[in-house]
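Undergrad: Take a look at protein_2.tsv, TSV, C-alpha atoms and all ligand atoms:
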chain	number	residue	atom	x	y	z
A	2	MET	CA	-43.81	94.06	-199.99
A	3	THR	CA	-45.18	92.60	-203.20
A	4	LYS	CA	-48.31	93.94	-204.82
A	5	ARG	CA	-50.09	90.71	-203.92
A	6	ALA	CA	-49.05	90.87	-200.24
A	7	LEU	CA	-50.20	94.48	-200.06
A	8	ALA	CA	-53.57	93.48	-201.48
A	9	LEU	CA	-53.89	90.79	-198.82
A	10	VAL	CA	-53.07	93.26	-196.03
A	11	VAL	CA	-55.62	95.73	-197.40
A	12	ALA	CA	-58.23	92.98	-197.64
A	13	ALA	CA	-57.53	91.92	-194.05
A	14	LEU	CA	-57.82	95.51	-192.85
A	15	VAL	CA	-61.10	96.06	-194.71
A	16	SER	CA	-62.43	92.86	-193.27
A	17	ALA	CA	-61.37	93.81	-189.74
A	18	ILE	CA	-62.85	97.29	-190.04
A	19	GLY	CA	-66.00	95.87	-191.54
A	20	PHE	CA	-66.27	93.41	-188.67
A	21	ILE	CA	-65.85	96.13	-186.06
A	22	GLY	CA	-68.27	98.39	-187.87
A	23	THR	CA	-71.08	95.86	-187.90
A	24	ARG	CA	-70.71	94.61	-184.33
A	25	VAL	CA	-73.68	95.55	-182.21
A	26	MET	CA	-72.47	96.96	-178.92
A	27	PRO	CA	-74.86	98.52	-176.42
A	28	ALA	CA	-73.71	101.87	-175.03
A	29	HIS	CA	-73.40	100.35	-171.56
A	30	ALA	CA	-72.71	96.64	-171.68
A	31	VAL	CA	-73.67	96.24	-168.03
A	32	ASP	CA	-75.17	93.06	-166.67
A	33	GLU	CA	-78.01	93.41	-164.23
A	34	PRO	CA	-76.20	93.47	-160.88
A	35	ARG	CA	-76.70	90.31	-158.88
A	36	LEU	CA	-78.44	90.76	-155.54
A	37	LEU	CA	-76.42	88.71	-153.04
A	38	GLU	CA	-78.59	89.19	-150.01
A	39	GLU	CA	-81.73	90.97	-148.87
A	40	ARG	CA	-81.54	91.36	-145.12
A	41	VAL	CA	-84.26	92.60	-142.80
A	42	PHE	CA	-82.09	93.99	-140.01
A	43	GLY	CA	-84.84	95.40	-137.85
A	44	THR	CA	-88.38	96.68	-137.55
A	45	SER	CA	-89.70	100.21	-137.17
A	46	VAL	CA	-91.99	101.40	-134.36
A	47	GLN	CA	-95.01	100.75	-136.61
A	48	GLY	CA	-93.71	97.34	-137.72
A	49	ARG	CA	-92.21	98.21	-141.09
A	50	PRO	CA	-89.13	96.20	-142.06
A	51	LEU	CA	-85.70	97.84	-142.18
A	52	VAL	CA	-84.09	96.33	-145.25
A	53	ALA	CA	-80.52	96.19	-146.55
A	54	TYR	CA	-79.58	94.95	-150.04
A	55	ARG	CA	-76.12	93.52	-150.60
A	56	TYR	CA	-74.23	93.63	-153.92
A	57	GLY	CA	-70.67	93.26	-155.13
A	58	THR	CA	-67.95	91.21	-153.46
A	59	PRO	CA	-68.38	89.74	-149.97
A	60	GLY	CA	-65.08	90.21	-148.15
A	61	GLY	CA	-64.29	93.33	-150.17
A	62	VAL	CA	-64.21	96.86	-148.81
A	63	VAL	CA	-67.54	97.48	-147.10
A	64	VAL	CA	-69.48	100.50	-148.34
A	65	MET	CA	-72.89	101.33	-146.91
A	66	VAL	CA	-75.37	103.80	-148.39
A	67	VAL	CA	-78.38	105.00	-146.36
A	68	GLY	CA	-81.03	106.75	-148.44
A	69	VAL	CA	-83.25	108.08	-145.65
A	70	ILE	CA	-82.91	108.79	-141.94
A	71	HIS	CA	-85.10	111.91	-141.73
A	72	GLY	CA	-88.47	110.65	-143.00
A	73	ASP	CA	-89.50	113.69	-145.00
A	74	GLU	CA	-86.04	113.99	-146.61
A	75	ASP	CA	-86.56	111.04	-148.91
A	76	ALA	CA	-84.98	112.01	-152.24
A	77	GLY	CA	-82.16	109.62	-151.34
A	78	LEU	CA	-84.57	106.80	-152.26
A	79	LEU	CA	-84.03	107.79	-155.89
A	80	VAL	CA	-80.28	107.41	-155.42
A	81	THR	CA	-80.55	104.00	-153.73
A	82	SER	CA	-82.91	102.83	-156.50
A	83	ALA	CA	-80.44	103.99	-159.15
A	84	LEU	CA	-77.57	102.31	-157.28
A	85	ARG	CA	-79.37	98.98	-157.41
A	86	THR	CA	-79.24	99.05	-161.23
A	87	LEU	CA	-75.43	99.54	-161.37
A	88	SER	CA	-72.65	97.05	-160.91
A	89	ALA	CA	-70.50	97.61	-157.83
A	90	PRO	CA	-66.77	98.17	-158.46
A	91	ALA	CA	-64.48	95.16	-158.07
A	92	GLN	CA	-63.73	94.12	-154.48
A	93	VAL	CA	-66.43	96.35	-153.00
A	94	ASP	CA	-68.96	94.82	-150.59
A	95	LEU	CA	-71.89	97.18	-151.13
A	96	TRP	CA	-74.81	97.42	-148.71
A	97	ILE	CA	-77.73	99.61	-149.74
A	98	VAL	CA	-80.25	100.65	-147.07
A	99	PRO	CA	-83.00	102.63	-148.79
A	100	SER	CA	-84.46	103.83	-145.48
A	101	MET	CA	-83.87	103.43	-141.77
A	102	ASN	CA	-87.00	105.49	-141.10
A	103	PRO	CA	-89.87	104.05	-143.16
A	104	ASP	CA	-92.49	105.27	-140.67
A	105	GLY	CA	-91.24	108.84	-140.99
A	106	THR	CA	-91.47	108.61	-144.77
A	107	ALA	CA	-94.99	107.11	-144.59
A	108	LEU	CA	-96.03	109.92	-142.22
A	109	GLN	CA	-93.94	112.51	-144.14
A	110	GLN	CA	-92.31	113.70	-140.95
A	111	ARG	CA	-88.68	114.12	-139.89
A	112	GLY	CA	-88.74	111.80	-136.88
A	113	ASN	CA	-89.88	108.23	-136.50
A	114	ALA	CA	-93.41	107.29	-135.38
A	115	ASN	CA	-92.43	108.36	-131.82
A	116	ARG	CA	-91.39	111.70	-133.34
A	117	VAL	CA	-87.80	111.11	-132.28
A	118	ASP	CA	-85.16	112.64	-134.55
A	119	LEU	CA	-83.17	109.47	-135.30
A	120	ASN	CA	-80.17	111.57	-136.30
A	121	ARG	CA	-79.96	112.82	-132.70
A	122	ASN	CA	-80.59	109.39	-131.16
A	123	PHE	CA	-77.29	107.58	-131.88
A	124	PRO	CA	-75.24	106.49	-128.88
A	125	LEU	CA	-72.05	108.50	-129.48
A	126	GLY	CA	-72.20	111.91	-127.84
A	127	TRP	CA	-75.92	111.57	-127.19
A	128	ALA	CA	-77.47	114.40	-125.23
A	129	LYS	CA	-80.99	115.11	-124.13
A	130	MET	CA	-82.51	117.53	-126.57
A	131	GLY	CA	-86.02	118.92	-126.54
A	132	GLU	CA	-89.30	117.30	-125.63
A	133	PRO	CA	-91.64	115.18	-127.76
A	134	GLY	CA	-92.86	117.54	-130.47
A	135	TYR	CA	-89.56	119.42	-130.77
A	136	TRP	CA	-88.23	118.90	-134.29
A	137	GLN	CA	-84.83	117.66	-133.11
A	138	TYR	CA	-86.18	115.70	-130.12
A	139	ALA	CA	-83.34	113.26	-129.31
A	140	GLY	CA	-85.52	110.67	-127.57
A	141	PRO	CA	-85.75	109.74	-123.87
A	142	SER	CA	-82.31	108.08	-123.80
A	143	ARG	CA	-79.42	107.15	-126.08
A	144	ALA	CA	-80.43	104.73	-128.86
A	145	SER	CA	-83.92	104.55	-127.38
A	146	GLU	CA	-85.57	103.87	-130.73
A	147	PRO	CA	-85.89	100.47	-132.44
A	148	GLU	CA	-84.63	101.93	-135.74
A	149	THR	CA	-81.47	103.26	-134.05
A	150	GLN	CA	-80.89	100.00	-132.18
A	151	ALA	CA	-81.27	98.00	-135.39
A	152	MET	CA	-78.83	100.24	-137.29
A	153	VAL	CA	-76.29	100.12	-134.44
A	154	LYS	CA	-76.38	96.31	-134.44
A	155	PHE	CA	-76.24	96.12	-138.25
A	156	VAL	CA	-73.28	98.52	-138.59
A	157	ARG	CA	-71.36	96.78	-135.80
A	158	GLU	CA	-71.80	93.58	-137.76
A	159	ILE	CA	-70.91	94.76	-141.29
A	160	ARG	CA	-68.36	97.42	-140.16
A	161	PRO	CA	-68.43	99.77	-143.16
A	162	THR	CA	-65.19	101.42	-144.23
A	163	LEU	CA	-67.32	104.11	-145.84
A	164	GLY	CA	-70.88	105.18	-145.08
A	165	ILE	CA	-72.84	107.72	-147.09
A	166	TRP	CA	-76.00	109.20	-145.53
A	167	TYR	CA	-78.50	111.24	-147.58
A	168	HIS	CA	-80.41	114.24	-146.30
A	169	GLN	CA	-82.22	117.27	-147.73
A	170	ASP	CA	-82.29	120.01	-148.56
A	171	LEU	CA	-79.22	122.13	-147.76
A	172	ASN	CA	-77.65	121.25	-151.14
A	173	MET	CA	-74.09	120.80	-149.88
A	174	ILE	CA	-71.42	118.51	-148.46
A	175	SER	CA	-69.26	119.42	-145.48
A	176	PRO	CA	-65.53	119.35	-146.17
A	177	GLY	CA	-63.44	116.75	-144.34
A	178	THR	CA	-59.77	116.21	-143.61
A	179	GLY	CA	-57.19	113.69	-144.85
A	180	PHE	CA	-58.30	110.92	-147.14
A	181	GLU	CA	-61.94	111.27	-146.12
A	182	GLY	CA	-61.70	114.92	-147.11
A	183	ARG	CA	-60.50	113.88	-150.57
A	184	VAL	CA	-63.37	111.38	-150.85
A	185	ARG	CA	-65.89	114.07	-149.93
A	186	ALA	CA	-64.31	116.55	-152.35
A	187	ARG	CA	-64.41	113.99	-155.16
A	188	TYR	CA	-68.09	113.25	-154.51
A	189	ALA	CA	-68.84	116.98	-154.44
A	190	ALA	CA	-66.98	117.58	-157.71
A	191	LEU	CA	-68.78	114.70	-159.43
A	192	THR	CA	-72.24	115.86	-158.37
A	193	GLY	CA	-71.76	119.63	-158.42
A	194	LEU	CA	-72.65	119.99	-154.73
A	195	PRO	CA	-70.61	122.75	-153.06
A	196	LEU	CA	-68.29	121.87	-150.16
A	197	VAL	CA	-69.57	124.09	-147.37
A	198	ARG	CA	-68.92	123.87	-143.66
A	199	ILE	CA	-72.05	123.91	-141.48
A	200	THR	CA	-71.61	126.48	-138.75
A	201	GLY	CA	-73.55	127.35	-135.65
A	202	GLY	CA	-75.38	124.07	-135.16
A	203	ARG	CA	-75.08	121.84	-132.13
A	204	TYR	CA	-75.27	118.24	-133.20
A	205	THR	CA	-75.45	115.31	-130.80
A	206	GLY	CA	-76.24	111.64	-131.36
A	207	VAL	CA	-75.57	111.94	-135.10
A	208	ALA	CA	-75.59	108.70	-137.11
A	209	ALA	CA	-72.66	109.42	-139.44
A	210	THR	CA	-70.45	110.61	-136.56
A	211	TRP	CA	-71.25	107.45	-134.63
A	212	GLN	CA	-70.66	105.22	-137.68
A	213	ARG	CA	-67.23	106.77	-138.29
A	214	ASN	CA	-66.23	105.51	-134.86
A	215	VAL	CA	-67.16	101.90	-135.54
A	216	GLY	CA	-64.16	100.04	-136.88
A	217	GLU	CA	-60.70	101.24	-137.70
A	218	ALA	CA	-60.23	104.14	-140.10
A	219	ALA	CA	-63.92	104.15	-140.94
A	220	MET	CA	-65.26	107.07	-142.91
A	221	ALA	CA	-68.72	108.57	-143.15
A	222	PHE	CA	-70.24	111.66	-144.63
A	223	VAL	CA	-73.59	113.30	-145.18
A	224	VAL	CA	-74.85	114.32	-148.59
A	225	GLU	CA	-77.36	117.14	-148.35
A	226	LEU	CA	-79.38	116.96	-151.56
A	227	GLY	CA	-81.41	119.90	-152.79
A	228	PRO	CA	-85.20	120.25	-152.41
A	229	THR	CA	-85.83	118.12	-155.50
A	230	LEU	CA	-83.88	115.46	-157.37
A	231	SER	CA	-84.53	114.33	-160.95
A	232	ALA	CA	-83.95	110.76	-162.10
A	233	GLY	CA	-80.95	112.00	-164.09
A	234	GLU	CA	-79.46	113.69	-161.02
A	235	ALA	CA	-80.07	110.55	-158.97
A	236	ARG	CA	-78.06	108.61	-161.54
A	237	VAL	CA	-75.21	111.15	-161.27
A	238	HIS	CA	-75.18	110.60	-157.49
A	239	ALA	CA	-75.26	106.82	-157.91
A	240	ASP	CA	-72.29	107.03	-160.29
A	241	ALA	CA	-70.48	109.24	-157.75
A	242	VAL	CA	-71.07	106.62	-155.03
A	243	MET	CA	-69.49	103.97	-157.24
A	244	THR	CA	-66.54	106.24	-158.06
A	245	VAL	CA	-65.76	107.02	-154.41
A	246	ALA	CA	-66.29	103.35	-153.50
A	247	ARG	CA	-63.61	102.47	-156.07
A	248	MET	CA	-61.37	105.20	-154.63
A	249	VAL	CA	-61.73	103.77	-151.10
A	250	GLN	CA	-61.17	100.22	-152.34
A	251	ARG	CA	-57.94	101.24	-154.12
A	252	ALA	CA	-56.68	103.06	-151.05
A	253	SER	CA	-57.33	100.01	-148.88
A	254	ARG	CA	-55.10	97.62	-150.88
A	301	ZN	ZN	-81.73	115.64	-142.42
If you convert what's in this file into structure tokens, what do you get?

TA:
Amino acid sequence: MTKRALALVVAALVSAIGFIGTRVMPAHAVDEPRLLEERVFGTSVQGRPLVAYRYGTPGGVVVMVVGVIHGDEDAGLLVTSALRTLSAPAQVDLWIVPSMNPDGTALQQRGNANRVDLNRNFPLGWAKMGEPGYWQYAGPSRASEPETQAMVKFVREIRPTLGIWYHQDLNMISPGTGFEGRVRARYAALTGLPLVRITGGRYTGVAATWQRNVGEAAMAFVVELGPTLSAGEARVHADAVMTVARMVQRASR
């Protein structure tokens, strides 16, 4: 290489480095995610709308996130809010339901306005449990509540491959088996929640268990948040949702 050619190469390098060095790049070059659809899929006992927000790719792998089912366990709202600021992974059809129990949140009680525990009211394996006033009152019959009926109809329509349901405040995730077990373990590792098996409880009419049985190879799990959740922690959970959504999408190809 001649001296002149070397000088040209050096000049080109300096220019390239200079160009890179002066480019302004935001830390996260993320576009505001585009809301594809805002669907009112039902109405609560007291007339509040049940709303689902759709992002990502219609026709992709369907992932549903439900922020609240027990009204006074509402930290999941911070996660669903954070999720709505992030772009969904490619080929994921993301449905975000901030709350299926807005009356319970307004009243700061576990059940809906009829004081029915909606997470004991789903039609799979429903059993009579308690009387009105009992904290896990399962309602007078299976799927007796308008919120449950609306969610049943909505899920049967969108058929999620993965559903994530937020609760408080046991601060844990139950381990699963097979691929769903790996998805749960990944979510737990990303958020620092321990994988702990719940023992001793008798659970009937549970939403996630019902949802897992809608559609082929559907998955669902419960995230038990702690008593409080900071905005930063909510963002960690939202990122974990996107990571496991990508994992499920890749596995489905
Ligand atoms: Zn709960």

Undergrad: I'd like the contact shell of Ile97 (chain A) - 7 Å cut-off, all atoms listed in the file, skipping same-chain residues fewer than 3 positions apart - returned as a PyMOL selection string.

TA: chain A and resi 53-55+65-67+81

Undergrad: Rank A:Val41, A:Leu51, A:Leu171, A:Leu125 by their smallest atom-to-atom distance to ligand ZN 301 (chain A), using all atoms listed in the file, and report the top residue only.

TA: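 Looking only at the distances to ligand ZN 301 (chain A), the closest residue turns out to be A:Leu171.
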
Undergrad: Once you count only C-alpha atoms and all ligand atoms, which residues end up within 9 Å of ligand ZN 301 (chain A), and could you hand them over as a tab-separated table (two decimals) with C-alpha atoms, in the frame of the given file?

TA:
chain	number	residue	atom	x	y	z
A	69	VAL	CA	-83.25	108.08	-145.65
A	70	ILE	CA	-82.91	108.79	-141.94
A	71	HIS	CA	-85.10	111.91	-141.73
A	72	GLY	CA	-88.47	110.65	-143.00
A	73	ASP	CA	-89.50	113.69	-145.00
A	74	GLU	CA	-86.04	113.99	-146.61
A	111	ARG	CA	-88.68	114.12	-139.89
A	120	ASN	CA	-80.17	111.57	-136.30
A	167	TYR	CA	-78.50	111.24	-147.58
A	168	HIS	CA	-80.41	114.24	-146.30
A	169	GLN	CA	-82.22	117.27	-147.73
A	170	ASP	CA	-82.29	120.01	-148.56
A	171	LEU	CA	-79.22	122.13	-147.76
A	223	VAL	CA	-73.59	113.30	-145.18
A	225	GLU	CA	-77.36	117.14	-148.35

Undergrad: Nearest residue to Gly126 (chain A) out of A:Val207, A:Ala83, A:Leu37, A:Val62, using only C-alpha atoms?

TA: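 Of A:Val207, A:Ala83, A:Leu37, A:Val62, the one nearest Gly126 (chain A), counting only C-alpha atoms, is A:Val207.
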
Undergrad: Counting all atoms listed in the file, which residue out of A:Ala114, A:Ala239, A:Leu95, A:Met220 sits closest to Leu79 (chain A)?

TA: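 Going through A:Ala114, A:Ala239, A:Leu95, A:Met220 one by one, the smallest distance to Leu79 (chain A) is for A:Ala239.
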
Undergrad: When you count only C-alpha atoms, which of these residues is closest to Arg157 (chain A): A:Ser88, A:Gln137, A:Thr200, A:Gln212?

TA: A:Gln212

Undergrad: In Å, rounded to a single decimal, give me how far CA of Val224 (chain A) is from CA of Tyr56 (chain A).

TA: 21.4 Å

Undergrad: Could you tell me how far CA of Thr205 (chain A) sits from CA of Ile174 (chain A), in Å to one decimal place?

TA: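 For CA of Ile174 (chain A) relative to CA of Thr205 (chain A), the distance reads 18.4 Å.
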
Undergrad: Choose the residue, out of A:Gly193, A:Arg116, A:Met248, A:Gly140, that has the smallest atom-to-atom separation from Gly227 (chain A); count all atoms listed in the file.

TA: A:Gly193

Undergrad: Step by step: start from the point (-63.5, 115.4, -149.0) in the file's coordinates, keep every protein, DNA or RNA residue that has an atom no farther than 12 Å from it, count only C-alpha atoms, and write the set as a ChimeraX atom specification.

TA: /A:173-191,194-198,220-224,245,248-249

Undergrad: Can you tell me how far CA of Trp96 (chain A) sits from CA of Val63 (chain A), in Å to one decimal?

TA: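 We find that CA of Trp96 (chain A) and CA of Val63 (chain A) lie 7.4 Å from each other.
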
Undergrad: Identify, on the basis of only C-alpha atoms, every residue whose closest approach to Ser253 (chain A) does not exceed 12 Å; exclude the query and any residue fewer than 5 positions from it along the same chain; express the result as a list in words.

TA: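 Counting only the stated atoms, we get Gly61, Val62, Val63, Gln92, Val93, Thr162, Leu163, Phe180, Glu217, Ala218, Ala219, Ala246, Arg247 and Met248 of chain A.
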
Undergrad: The residues within 10 Å of (-91.9, 103.4, -139.4), using all atoms listed in the file and the coordinates of the file, should be reported as a list in words; which are they?

TA: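 The requested residues, written out, are Thr44, Ser45, Val46, Gln47, Gly48, Arg49, Pro50, Leu51, Gly72, Ser100, Met101, Asn102, Pro103, Asp104, Gly105, Thr106, Ala107, Leu108, Gly112, Asn113, Ala114, Asn115, Pro147 and Glu148 of chain A.
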
Undergrad: Would you mind exporting C-alpha atoms of the selected residues as a PDB file, keeping the file's coordinate frame?

TA:
ATOM      1  CA  THR A  44     -88.380  96.680-137.550  1.00  0.00           C
ATOM      2  CA  SER A  45     -89.700 100.210-137.170  1.00  0.00           C
ATOM      3  CA  VAL A  46     -91.990 101.400-134.360  1.00  0.00           C
ATOM      4  CA  GLN A  47     -95.010 100.750-136.610  1.00  0.00           C
ATOM      5  CA  GLY A  48     -93.710  97.340-137.720  1.00  0.00           C
ATOM      6  CA  ARG A  49     -92.210  98.210-141.090  1.00  0.00           C
ATOM      7  CA  PRO A  50     -89.130  96.200-142.060  1.00  0.00           C
ATOM      8  CA  LEU A  51     -85.700  97.840-142.180  1.00  0.00           C
ATOM      9  CA  GLY A  72     -88.470 110.650-143.000  1.00  0.00           C
ATOM     10  CA  SER A 100     -84.460 103.830-145.480  1.00  0.00           C
ATOM     11  CA  MET A 101     -83.870 103.430-141.770  1.00  0.00           C
ATOM     12  CA  ASN A 102     -87.000 105.490-141.100  1.00  0.00           C
ATOM     13  CA  PRO A 103     -89.870 104.050-143.160  1.00  0.00           C
ATOM     14  CA  ASP A 104     -92.490 105.270-140.670  1.00  0.00           C
ATOM     15  CA  GLY A 105     -91.240 108.840-140.990  1.00  0.00           C
ATOM     16  CA  THR A 106     -91.470 108.610-144.770  1.00  0.00           C
ATOM     17  CA  ALA A 107     -94.990 107.110-144.590  1.00  0.00           C
ATOM     18  CA  LEU A 108     -96.030 109.920-142.220  1.00  0.00           C
ATOM     19  CA  GLY A 112     -88.740 111.800-136.880  1.00  0.00           C
ATOM     20  CA  ASN A 113     -89.880 108.230-136.500  1.00  0.00           C
ATOM     21  CA  ALA A 114     -93.410 107.290-135.380  1.00  0.00           C
ATOM     22  CA  ASN A 115     -92.430 108.360-131.820  1.00  0.00           C
ATOM     23  CA  PRO A 147     -85.890 100.470-132.440  1.00  0.00           C
ATOM     24  CA  GLU A 148     -84.630 101.930-135.740  1.00  0.00           C
TER      25      GLU A 148
END

Undergrad: Which is closest to Thr86 (chain A) among A:Arg35, A:Lys154, A:Arg213, A:Arg203, if we use all atoms listed in the file?

TA: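 Closest to Thr86 (chain A) of all the choices is A:Arg35.
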
Undergrad: Taking the partial coordinates given, rebuild region 153-175 of chain A to contain N, CA and C atoms; return it as a CSV table (one decimal), in the frame of the given file.

TA:
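Below is the file result_23.csv, written as the result:
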chain,number,residue,atom,x,y,z
A,153,VAL,N,-77.5,100.3,-135.2
A,153,VAL,CA,-76.3,100.1,-134.4
A,153,VAL,C,-75.8,98.7,-134.5
A,154,LYS,N,-76.7,97.7,-134.4
A,154,LYS,CA,-76.4,96.3,-134.4
A,154,LYS,C,-75.9,95.9,-135.8
A,155,PHE,N,-76.6,96.4,-136.9
A,155,PHE,CA,-76.2,96.1,-138.2
A,155,PHE,C,-74.8,96.7,-138.6
A,156,VAL,N,-74.6,97.9,-138.3
A,156,VAL,CA,-73.3,98.5,-138.6
A,156,VAL,C,-72.1,97.8,-137.8
A,157,ARG,N,-72.4,97.5,-136.6
A,157,ARG,CA,-71.4,96.8,-135.8
A,157,ARG,C,-71.0,95.4,-136.4
A,158,GLU,N,-72.0,94.9,-137.1
A,158,GLU,CA,-71.8,93.6,-137.8
A,158,GLU,C,-71.1,93.7,-139.1
A,159,ILE,N,-71.5,94.7,-139.9
A,159,ILE,CA,-70.9,94.8,-141.3
A,159,ILE,C,-69.7,95.6,-141.3
A,160,ARG,N,-69.5,96.5,-140.3
A,160,ARG,CA,-68.4,97.4,-140.2
A,160,ARG,C,-68.0,98.1,-141.5
A,161,PRO,N,-68.8,99.1,-141.9
A,161,PRO,CA,-68.4,99.8,-143.2
A,161,PRO,C,-67.1,100.6,-143.1
A,162,THR,N,-66.3,100.5,-144.1
A,162,THR,CA,-65.2,101.4,-144.2
A,162,THR,C,-65.7,102.8,-144.6
A,163,LEU,N,-66.7,102.8,-145.4
A,163,LEU,CA,-67.3,104.1,-145.8
A,163,LEU,C,-68.8,104.0,-145.7
A,164,GLY,N,-69.4,105.0,-145.1
A,164,GLY,CA,-70.9,105.2,-145.1
A,164,GLY,C,-71.3,106.5,-145.7
A,165,ILE,N,-72.3,106.5,-146.5
A,165,ILE,CA,-72.8,107.7,-147.1
A,165,ILE,C,-74.3,107.8,-146.7
A,166,TRP,N,-74.7,109.0,-146.1
A,166,TRP,CA,-76.0,109.2,-145.5
A,166,TRP,C,-76.7,110.4,-146.2
A,167,TYR,N,-77.8,110.2,-146.8
A,167,TYR,CA,-78.5,111.2,-147.6
A,167,TYR,C,-79.5,112.0,-146.7
A,168,HIS,N,-79.5,113.3,-146.9
A,168,HIS,CA,-80.4,114.2,-146.3
A,168,HIS,C,-80.9,115.3,-147.3
A,169,GLN,N,-81.8,116.1,-147.0
A,169,GLN,CA,-82.2,117.3,-147.7
A,169,GLN,C,-82.4,118.4,-146.7
A,170,ASP,N,-82.5,119.6,-147.2
A,170,ASP,CA,-82.3,120.0,-148.6
A,170,ASP,C,-81.3,121.2,-148.6
A,171,LEU,N,-80.2,121.0,-147.9
A,171,LEU,CA,-79.2,122.1,-147.8
A,171,LEU,C,-78.3,122.2,-149.0
A,172,ASN,N,-78.4,121.2,-149.9
A,172,ASN,CA,-77.6,121.2,-151.1
A,172,ASN,C,-76.2,121.5,-151.0
A,173,MET,N,-75.5,120.6,-150.2
A,173,MET,CA,-74.1,120.8,-149.9
A,173,MET,C,-73.5,119.5,-149.3
A,174,ILE,N,-72.2,119.5,-149.2
A,174,ILE,CA,-71.4,118.5,-148.5
A,174,ILE,C,-70.4,119.3,-147.6
A,175,SER,N,-70.3,118.8,-146.4
A,175,SER,CA,-69.3,119.4,-145.5
A,175,SER,C,-67.9,118.9,-145.9
